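File shown: entry-v1.cif (mmCIF, C-alpha atoms).
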data_upload
loop_
_atom_site.label_atom_id
_atom_site.label_comp_id
_atom_site.auth_asym_id
_atom_site.auth_seq_id
_atom_site.Cartn_x
_atom_site.Cartn_y
_atom_site.Cartn_z
CA MET A 1 -95.76 161.48 86.04
CA ARG A 2 -97.67 163.15 83.21
CA ASP A 3 -95.28 161.67 80.65
CA LEU A 4 -95.52 158.22 82.24
CA GLY A 5 -99.31 158.47 82.24
CA ARG A 6 -99.28 159.40 78.57
CA ALA A 7 -96.96 156.47 77.88
CA ALA A 8 -99.32 154.02 79.60
CA GLY A 9 -102.28 155.46 77.69
CA GLY A 10 -100.43 155.25 74.40
CA ALA A 11 -99.39 151.67 75.10
CA LEU A 12 -102.99 150.67 75.78
CA VAL A 13 -104.52 152.49 72.79
CA PHE A 14 -101.95 151.23 70.28
CA SER A 15 -101.91 147.62 71.53
CA LEU A 16 -105.57 147.05 72.41
CA PRO A 17 -106.57 145.48 69.04
CA MET A 18 -103.70 143.00 69.40
CA LEU A 19 -104.39 142.36 73.08
CA MET A 20 -107.88 141.23 72.03
CA THR A 21 -106.68 139.03 69.15
CA MET A 22 -106.75 135.27 69.81
CA GLU A 23 -104.05 134.49 67.22
CA LEU A 24 -101.53 136.51 69.22
CA TRP A 25 -102.48 134.65 72.40
CA TRP A 26 -101.75 131.35 70.68
CA LEU A 27 -98.54 132.63 69.11
CA GLY A 28 -97.33 133.65 72.55
CA PHE A 29 -97.98 130.06 73.64
CA TYR A 30 -96.26 128.05 70.89
CA LEU A 31 -93.98 130.42 68.95
CA ASP A 32 -90.29 129.55 68.98
CA ARG A 33 -88.62 131.49 71.80
CA LEU A 34 -85.69 132.32 69.52
CA ARG A 35 -88.04 134.28 67.25
CA LEU A 36 -89.42 136.15 70.26
CA LEU A 37 -85.87 136.97 71.34
CA VAL A 38 -85.04 138.26 67.85
CA LEU A 39 -88.22 140.35 67.91
CA VAL A 40 -87.24 142.01 71.19
CA LEU A 41 -83.58 142.50 70.26
CA THR A 42 -84.41 144.09 66.91
CA SER A 43 -87.08 146.28 68.47
CA LEU A 44 -84.71 147.79 71.06
CA PRO A 45 -82.67 149.92 68.61
CA LEU A 46 -85.89 150.88 66.83
CA LEU A 47 -87.38 152.10 70.12
CA VAL A 48 -84.21 154.02 71.00
CA VAL A 49 -84.21 155.87 67.66
CA LEU A 50 -87.97 156.43 67.92
CA SER A 51 -87.42 158.03 71.32
CA ARG A 52 -84.91 160.37 69.68
CA HIS A 53 -87.54 161.41 67.12
CA VAL A 54 -90.85 161.51 69.00
CA GLY A 55 -90.32 160.13 72.49
CA PHE A 56 -92.64 160.79 75.41
CA GLU A 57 -90.17 163.28 76.86
CA GLN A 58 -87.59 165.69 75.45
CA THR A 59 -84.06 164.26 75.45
CA ARG A 60 -80.62 165.59 74.57
CA TYR A 61 -78.40 162.51 74.84
CA TRP A 62 -78.61 159.00 73.41
CA LEU A 63 -78.30 157.51 76.89
CA ASP A 64 -81.55 159.27 77.79
CA ASP A 65 -83.20 157.67 74.76
CA VAL A 66 -81.96 154.23 75.81
CA VAL A 67 -83.43 154.78 79.28
CA ASP A 68 -86.72 156.00 77.80
CA ALA A 69 -86.90 152.96 75.51
CA LEU A 70 -86.44 150.65 78.51
CA ILE A 71 -89.05 152.61 80.47
CA ALA A 72 -91.46 152.26 77.53
CA LEU A 73 -90.86 148.51 77.51
CA GLY A 74 -91.47 148.28 81.25
CA ILE A 75 -94.67 150.35 81.17
CA SER A 76 -95.92 148.41 78.16
CA ALA A 77 -95.22 145.08 79.84
CA LEU A 78 -97.21 146.18 82.89
CA VAL A 79 -100.12 147.40 80.73
CA CYS A 80 -100.13 144.13 78.76
CA ILE A 81 -100.01 141.95 81.89
CA LEU A 82 -102.88 143.80 83.54
CA THR A 83 -105.01 143.80 80.37
CA LEU A 84 -104.40 140.13 79.54
CA ALA A 85 -105.17 139.21 83.16
CA LEU A 86 -108.39 141.22 83.01
CA PHE A 87 -109.39 139.36 79.81
CA GLY A 88 -108.61 136.01 81.44
CA ALA A 89 -105.92 135.26 78.85
CA ILE A 90 -103.42 134.76 81.68
CA THR A 91 -104.17 133.61 85.22
CA VAL A 92 -102.24 132.59 88.30
CA GLU A 93 -102.37 129.01 86.94
CA THR A 94 -100.85 129.94 83.57
CA PRO A 95 -97.29 128.58 83.26
CA LEU A 96 -94.61 131.27 83.49
CA ASP A 97 -93.21 130.43 80.04
CA GLU A 98 -96.63 130.85 78.44
CA THR A 99 -97.28 134.09 80.30
CA MET A 100 -93.94 135.52 79.21
CA GLY A 101 -94.60 134.52 75.59
CA LYS A 102 -98.03 136.16 75.54
CA VAL A 103 -96.69 139.35 77.09
CA VAL A 104 -93.48 139.63 75.06
CA ILE A 105 -95.28 139.35 71.73
CA GLN A 106 -97.57 142.24 72.75
CA VAL A 107 -94.89 144.47 74.25
CA VAL A 108 -93.34 145.66 70.98
CA PRO A 109 -96.43 147.42 69.49
CA ALA A 110 -97.36 148.65 72.97
CA SER A 111 -93.90 150.18 73.40
CA ILE A 112 -94.23 151.98 70.07
CA GLY A 113 -97.52 153.39 71.31
CA ALA A 114 -95.93 154.44 74.59
CA LEU A 115 -93.22 156.41 72.80
CA LEU A 116 -95.70 157.96 70.36
CA ALA A 117 -97.97 159.07 73.19
CA LYS A 118 -96.55 162.59 73.46
CA SER A 119 -96.91 163.38 69.75
CA GLN A 120 -100.44 161.94 69.60
CA PHE A 121 -101.86 162.97 73.01
CA LYS A 122 -99.99 166.17 73.77
CA ALA A 123 -101.88 168.78 75.73
CA GLY A 124 -100.72 171.66 73.59
CA SER A 125 -98.81 173.27 76.42
CA GLU A 126 -96.45 176.10 75.75
CA GLU A 127 -93.54 173.80 76.41
CA ASP A 128 -94.71 171.28 73.82
CA GLU A 129 -95.62 173.84 71.20
CA ASN A 130 -92.53 175.99 71.49
CA HIS A 131 -89.99 173.24 71.80
CA GLU A 132 -87.87 172.97 68.69
CA ASP A 133 -84.66 171.07 68.37
CA PRO A 134 -82.69 172.28 65.36
CA GLY A 135 -80.77 169.06 65.27
CA ASP A 136 -83.83 166.83 65.26
CA PRO A 137 -83.19 163.97 62.83
CA GLU A 138 -86.84 163.70 61.82
CA GLU A 139 -86.18 166.60 59.43
CA SER A 140 -83.65 164.51 57.49
CA TYR A 141 -84.26 162.08 54.66
CA GLY A 142 -83.07 159.20 56.82
CA GLY A 143 -85.46 160.32 59.56
CA GLU A 144 -88.40 160.24 57.16
CA LEU A 145 -87.51 156.71 56.03
CA PHE A 146 -87.17 155.62 59.66
CA LEU A 147 -90.63 156.90 60.57
CA MET A 148 -92.03 155.08 57.55
CA THR A 149 -90.38 151.92 58.88
CA VAL A 150 -92.09 152.38 62.24
CA GLY A 151 -95.48 152.85 60.57
CA ALA A 152 -95.00 149.82 58.32
CA LEU A 153 -94.01 147.59 61.23
CA PHE A 154 -96.81 148.79 63.47
CA LEU A 155 -99.70 148.35 61.03
CA GLY A 156 -98.21 145.15 59.66
CA PHE A 157 -97.98 143.84 63.23
CA ASN A 158 -101.76 144.17 63.54
CA VAL A 159 -102.42 141.97 60.50
CA ALA A 160 -99.51 139.53 60.16
CA PRO A 161 -100.65 137.03 62.84
CA THR A 162 -104.20 136.65 61.49
CA GLU A 163 -105.44 133.70 59.44
CA GLU A 164 -107.33 136.04 57.13
CA MET A 165 -104.10 137.50 55.82
CA MET A 166 -102.86 134.07 54.70
CA LEU A 167 -106.31 133.19 53.30
CA ILE A 168 -106.26 136.30 51.12
CA SER A 169 -102.83 135.36 49.77
CA TYR A 170 -104.12 131.86 48.85
CA GLN A 171 -107.15 133.29 47.04
CA MET A 172 -105.19 135.76 44.91
CA THR A 173 -103.72 135.15 41.46
CA GLU A 174 -100.53 136.64 40.05
CA TRP A 175 -102.59 139.36 38.35
CA HIS A 176 -104.23 140.19 41.66
CA SER A 177 -100.82 140.55 43.27
CA LEU A 178 -99.55 142.88 40.52
CA CYS A 179 -102.65 145.06 40.89
CA LEU A 180 -102.20 145.09 44.68
CA VAL A 181 -98.58 146.22 44.31
CA ALA A 182 -99.67 149.04 41.97
CA LEU A 183 -102.46 150.04 44.36
CA SER A 184 -100.11 150.02 47.36
CA VAL A 185 -97.55 152.24 45.63
CA GLY A 186 -100.25 154.54 44.24
CA LEU A 187 -101.89 155.00 47.64
CA MET A 188 -98.56 155.69 49.32
CA HIS A 189 -97.74 158.37 46.78
CA GLY A 190 -101.23 159.85 46.87
CA PHE A 191 -101.41 160.03 50.67
CA VAL A 192 -98.11 161.85 51.02
CA PHE A 193 -97.93 164.01 47.89
CA ALA A 194 -101.14 164.20 45.89
CA LEU A 195 -104.21 164.35 48.11
CA GLY A 196 -103.37 167.33 50.31
CA PHE A 197 -103.64 165.54 53.66
CA ALA A 198 -102.40 167.42 56.72
CA GLY A 199 -98.73 166.60 57.16
CA GLY A 200 -98.29 165.75 53.49
CA SER A 201 -95.62 167.21 51.25
CA GLU A 202 -96.12 169.74 48.50
CA VAL A 203 -94.35 169.04 45.23
CA SER A 204 -92.66 172.08 43.76
CA PRO A 205 -94.01 173.03 40.32
CA ASN A 206 -90.42 173.15 39.10
CA ALA A 207 -89.66 169.62 40.28
CA PRO A 208 -90.28 166.69 37.92
CA TRP A 209 -93.18 164.44 38.95
CA TRP A 210 -90.93 161.41 39.27
CA SER A 211 -88.54 163.03 41.78
CA PRO A 212 -90.63 162.50 44.96
CA PHE A 213 -91.79 159.16 43.58
CA LEU A 214 -88.23 157.87 43.33
CA ARG A 215 -87.02 159.65 46.48
CA LEU A 216 -89.72 158.58 48.96
CA THR A 217 -92.52 156.48 47.48
CA LEU A 218 -90.48 153.63 46.02
CA PRO A 219 -88.07 153.44 49.00
CA GLY A 220 -91.13 153.51 51.25
CA TYR A 221 -92.62 150.52 49.45
CA VAL A 222 -89.32 148.65 49.69
CA ILE A 223 -89.46 149.33 53.43
CA ALA A 224 -93.03 148.00 53.57
CA ILE A 225 -92.00 144.82 51.71
CA SER A 226 -88.99 144.30 53.99
CA ALA A 227 -91.03 144.90 57.16
CA SER A 228 -93.68 142.46 55.93
CA LEU A 229 -91.14 139.73 55.20
CA TYR A 230 -89.59 140.22 58.65
CA LEU A 231 -92.96 140.00 60.42
CA LEU A 232 -94.00 136.92 58.46
CA TRP A 233 -90.78 135.21 59.54
CA VAL A 234 -91.19 136.24 63.18
CA PHE A 235 -94.75 134.87 63.27
CA ALA A 236 -93.68 131.62 61.51
CA ARG A 237 -95.96 132.31 58.55
CA LEU A 238 -93.29 131.37 56.00
CA ASP A 239 -92.50 127.91 57.37
CA GLY A 240 -93.04 125.23 54.73
CA LEU A 241 -94.14 127.65 52.00
CA HIS A 242 -92.84 127.64 48.43
CA ILE A 243 -91.23 130.80 47.10
CA ASP A 244 -94.34 131.81 45.12
CA SER A 245 -96.52 131.53 48.25
CA ILE A 246 -93.96 133.55 50.21
CA VAL A 247 -93.99 136.30 47.59
CA MET A 248 -97.80 136.35 47.55
CA ALA A 249 -98.09 136.54 51.34
CA THR A 250 -95.48 139.30 51.46
CA VAL A 251 -97.32 141.36 48.83
CA VAL A 252 -100.59 140.98 50.75
CA LEU A 253 -99.06 142.07 54.06
CA ALA A 254 -97.18 144.89 52.31
CA PHE A 255 -100.53 146.51 51.48
CA PRO A 256 -101.38 147.51 55.10
CA SER A 257 -97.68 148.01 55.82
CA ALA A 258 -97.44 150.53 52.97
CA ILE A 259 -100.51 152.37 54.29
CA GLY A 260 -98.91 152.40 57.73
CA ALA A 261 -95.67 153.79 56.30
CA ALA A 262 -97.53 156.59 54.51
CA ALA A 263 -99.64 157.37 57.58
CA ALA A 264 -96.54 157.60 59.77
CA ARG A 265 -95.02 160.02 57.26
CA LEU A 266 -98.14 162.20 57.65
CA ILE A 267 -98.77 162.19 61.39
CA LEU A 268 -95.35 161.85 63.05
#
Take the structure in the file and give it back as structure tokens.
Amino acid sequence: MRDLGRAAGGALVFSLPMLMTMELWWLGFYLDRLRLLVLVLTSLPLLVVLSRHVGFEQTRYWLDDVVDALIALGISALVCILTLALFGAITVETPLDETMGKVVIQVVPASIGALLAKSQFKAGSEEDENHEDPGDPEESYGGELFLMTVGALFLGFNVAPTEEMMLISYQMTEWHSLCLVALSVGLMHGFVFALGFAGGSEVSPNAPWWSPFLRLTLPGYVIAISASLYLLWVFARLDGLHIDSIVMATVVLAFPSAIGAAAARLIL
């Protein structure tokens, strides 16, 4: 019950900004149901692997992680339904298809929050502090890249549906976009390696400066770009755009996605 309570709290905290965003209400109303289906189907394996890394309970088998991912989805759906009903965004008169669309589009970030609840809200009990799984994949290079993917998707999810994000991309020139790319990469590298944040990585004096840059920073930015392009497609932001507008919008969204990737590398 404690773990389920943490999961519900994490779902609410992580999804509340999106639950109070009008653009997401409208997207849930008119967005192509095929895109919503793709969003859910691609999020399921992500949630399963996230449960393996930092789920809201300790697991030993992949089947347990699948069950926990489904539980996170169920708890998140309940939290989203209750919150949207409280806000008046859905009522008993709202058509079922519209209700499902509004809930489904909110469930993915809420589920990420539900699974992250233990790592972010843990009580510091002896069980939590002393638990150590020597085979935990979060220690591996692939695990680090995966957590960066989660952070990029989550923070990008907060911004991708908004009109302001597209407005910024229309206002920018090519020089602005190049500077934004440089700033995104520089901030990612600084957050993780250079600024001494808790959870950051120390660079060995014997290691060349470019080694961590090529090993984590550049792959992390590629992840941020890929996550941004995926979210823009899901939210139908790329429809009817020319290639230059698509590139510009992707670069703009990759800025918060890159920050999210670096933050996930620090705190998870």
Next on the checklist: Which residues, named as in the file, does the PyMOL selection byres ((chain A and resi 221-226) around 8) pick out? Answer as an NGL selection string.
Outcome noted: :A and (148-149 or 152-153 or 184-185 or 188 or 217-220 or 227-230 or 250-251 or 253-255 or 257-258 or 261)
Item to check | Hits of the PyMOL selection byres ((chain A and resi 75) around 10) in this structure, as a PyMOL selection string | outcome: chain A and resi 4-5+7-9+11-12+69-74+76-81+107+110-111+114
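Here atom CA of A:Leu46 stands at a distance of 18.0 Å from atom CA of A:Ile267.
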Next on the checklist: Please enumerate the residues selected by the PyMOL selection byres ((chain A and resi 45) around 12) when evaluated against the supplied file, formatted as a list in words.
Outcome noted: Val38, Leu39, Val40, Leu41, Thr42, Ser43, Leu44, Leu46, Leu47, Val48, Val49, Leu50, Ser51, Arg52, Trp62, Asp65, Val66, Val67, Asp68, Ala69, Leu70, Val108, Ile112, Phe146 and Val150 of chain A
Checklist entry - In terms of the shortest atom-to-atom distance over only C-alpha atoms, which of A:Phe191, A:Phe29, A:Phe14, A:Tyr141 is closest to A:Ala262? => result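 Among the listed residues, the smallest separation from A:Ala262 belongs to A:Phe191.
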Next on the checklist: Using all atoms listed in the file for the distances, tell me which of A:Trp25, A:Phe154, A:Trp175, A:Tyr61 is nearest to A:Gly101.
Outcome noted: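 Checking each candidate against A:Gly101, we get A:Trp25 as the closest.
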Would you compute, for all listed atoms of stretch 37-56 of chain A, the axis-aligned bounding box grown by 6 Å on each side, and then report its centre and edge lengths in Å rounded to one decimal, as lines of an AutoDock Vina configuration file?
center_x = -87.7
center_y = 149.2
center_z = 71.1
size_x = 22.0
size_y = 36.5
size_z = 20.6
Checklist entry - So how far away is atom CA of A:Ser211 from atom CA of A:Glu144, in Å? => result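 So the two atoms, atom CA of A:Glu144 and atom CA of A:Ser211, lie 15.6 Å apart.
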Checklist entry - A:Ala89: which residues within 10 Å, counting all atoms listed in the file, same-chain residues fewer than 2 positions away excluded, as a VMD selection string? => result chain A and resid 19 to 20 22 25 to 26 81 83 to 87 91 94 99 102
Checklist outcome for this item: Of A:Val181, A:Asp64, A:Met248, A:Pro109, the one sitting nearest A:Gly156 when using all atoms listed in the file is A:Pro109
Checklist entry - What is the atom CA of A:Trp233-atom CA of A:Arg35 distance in Å, reported with one decimal? => result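 Separating atom CA of A:Trp233 from atom CA of A:Arg35 is a distance of 8.2 Å.
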Next on the checklist: Can you tell me which residues surround A:Pro17 at a distance of at most 9 Å, considering all atoms listed in the file, apart from same-chain residues fewer than 4 positions away, and format the answer as number ranges by chain?
Outcome noted: A: 13, 21, 158
Item to check | From A:Leu31, A:Val92, A:Leu232, A:Leu63, residue lying nearest A:Thr162 [only C-alpha atoms] | outcome: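 Looking at the shortest contact to A:Thr162, the residue is A:Leu232.
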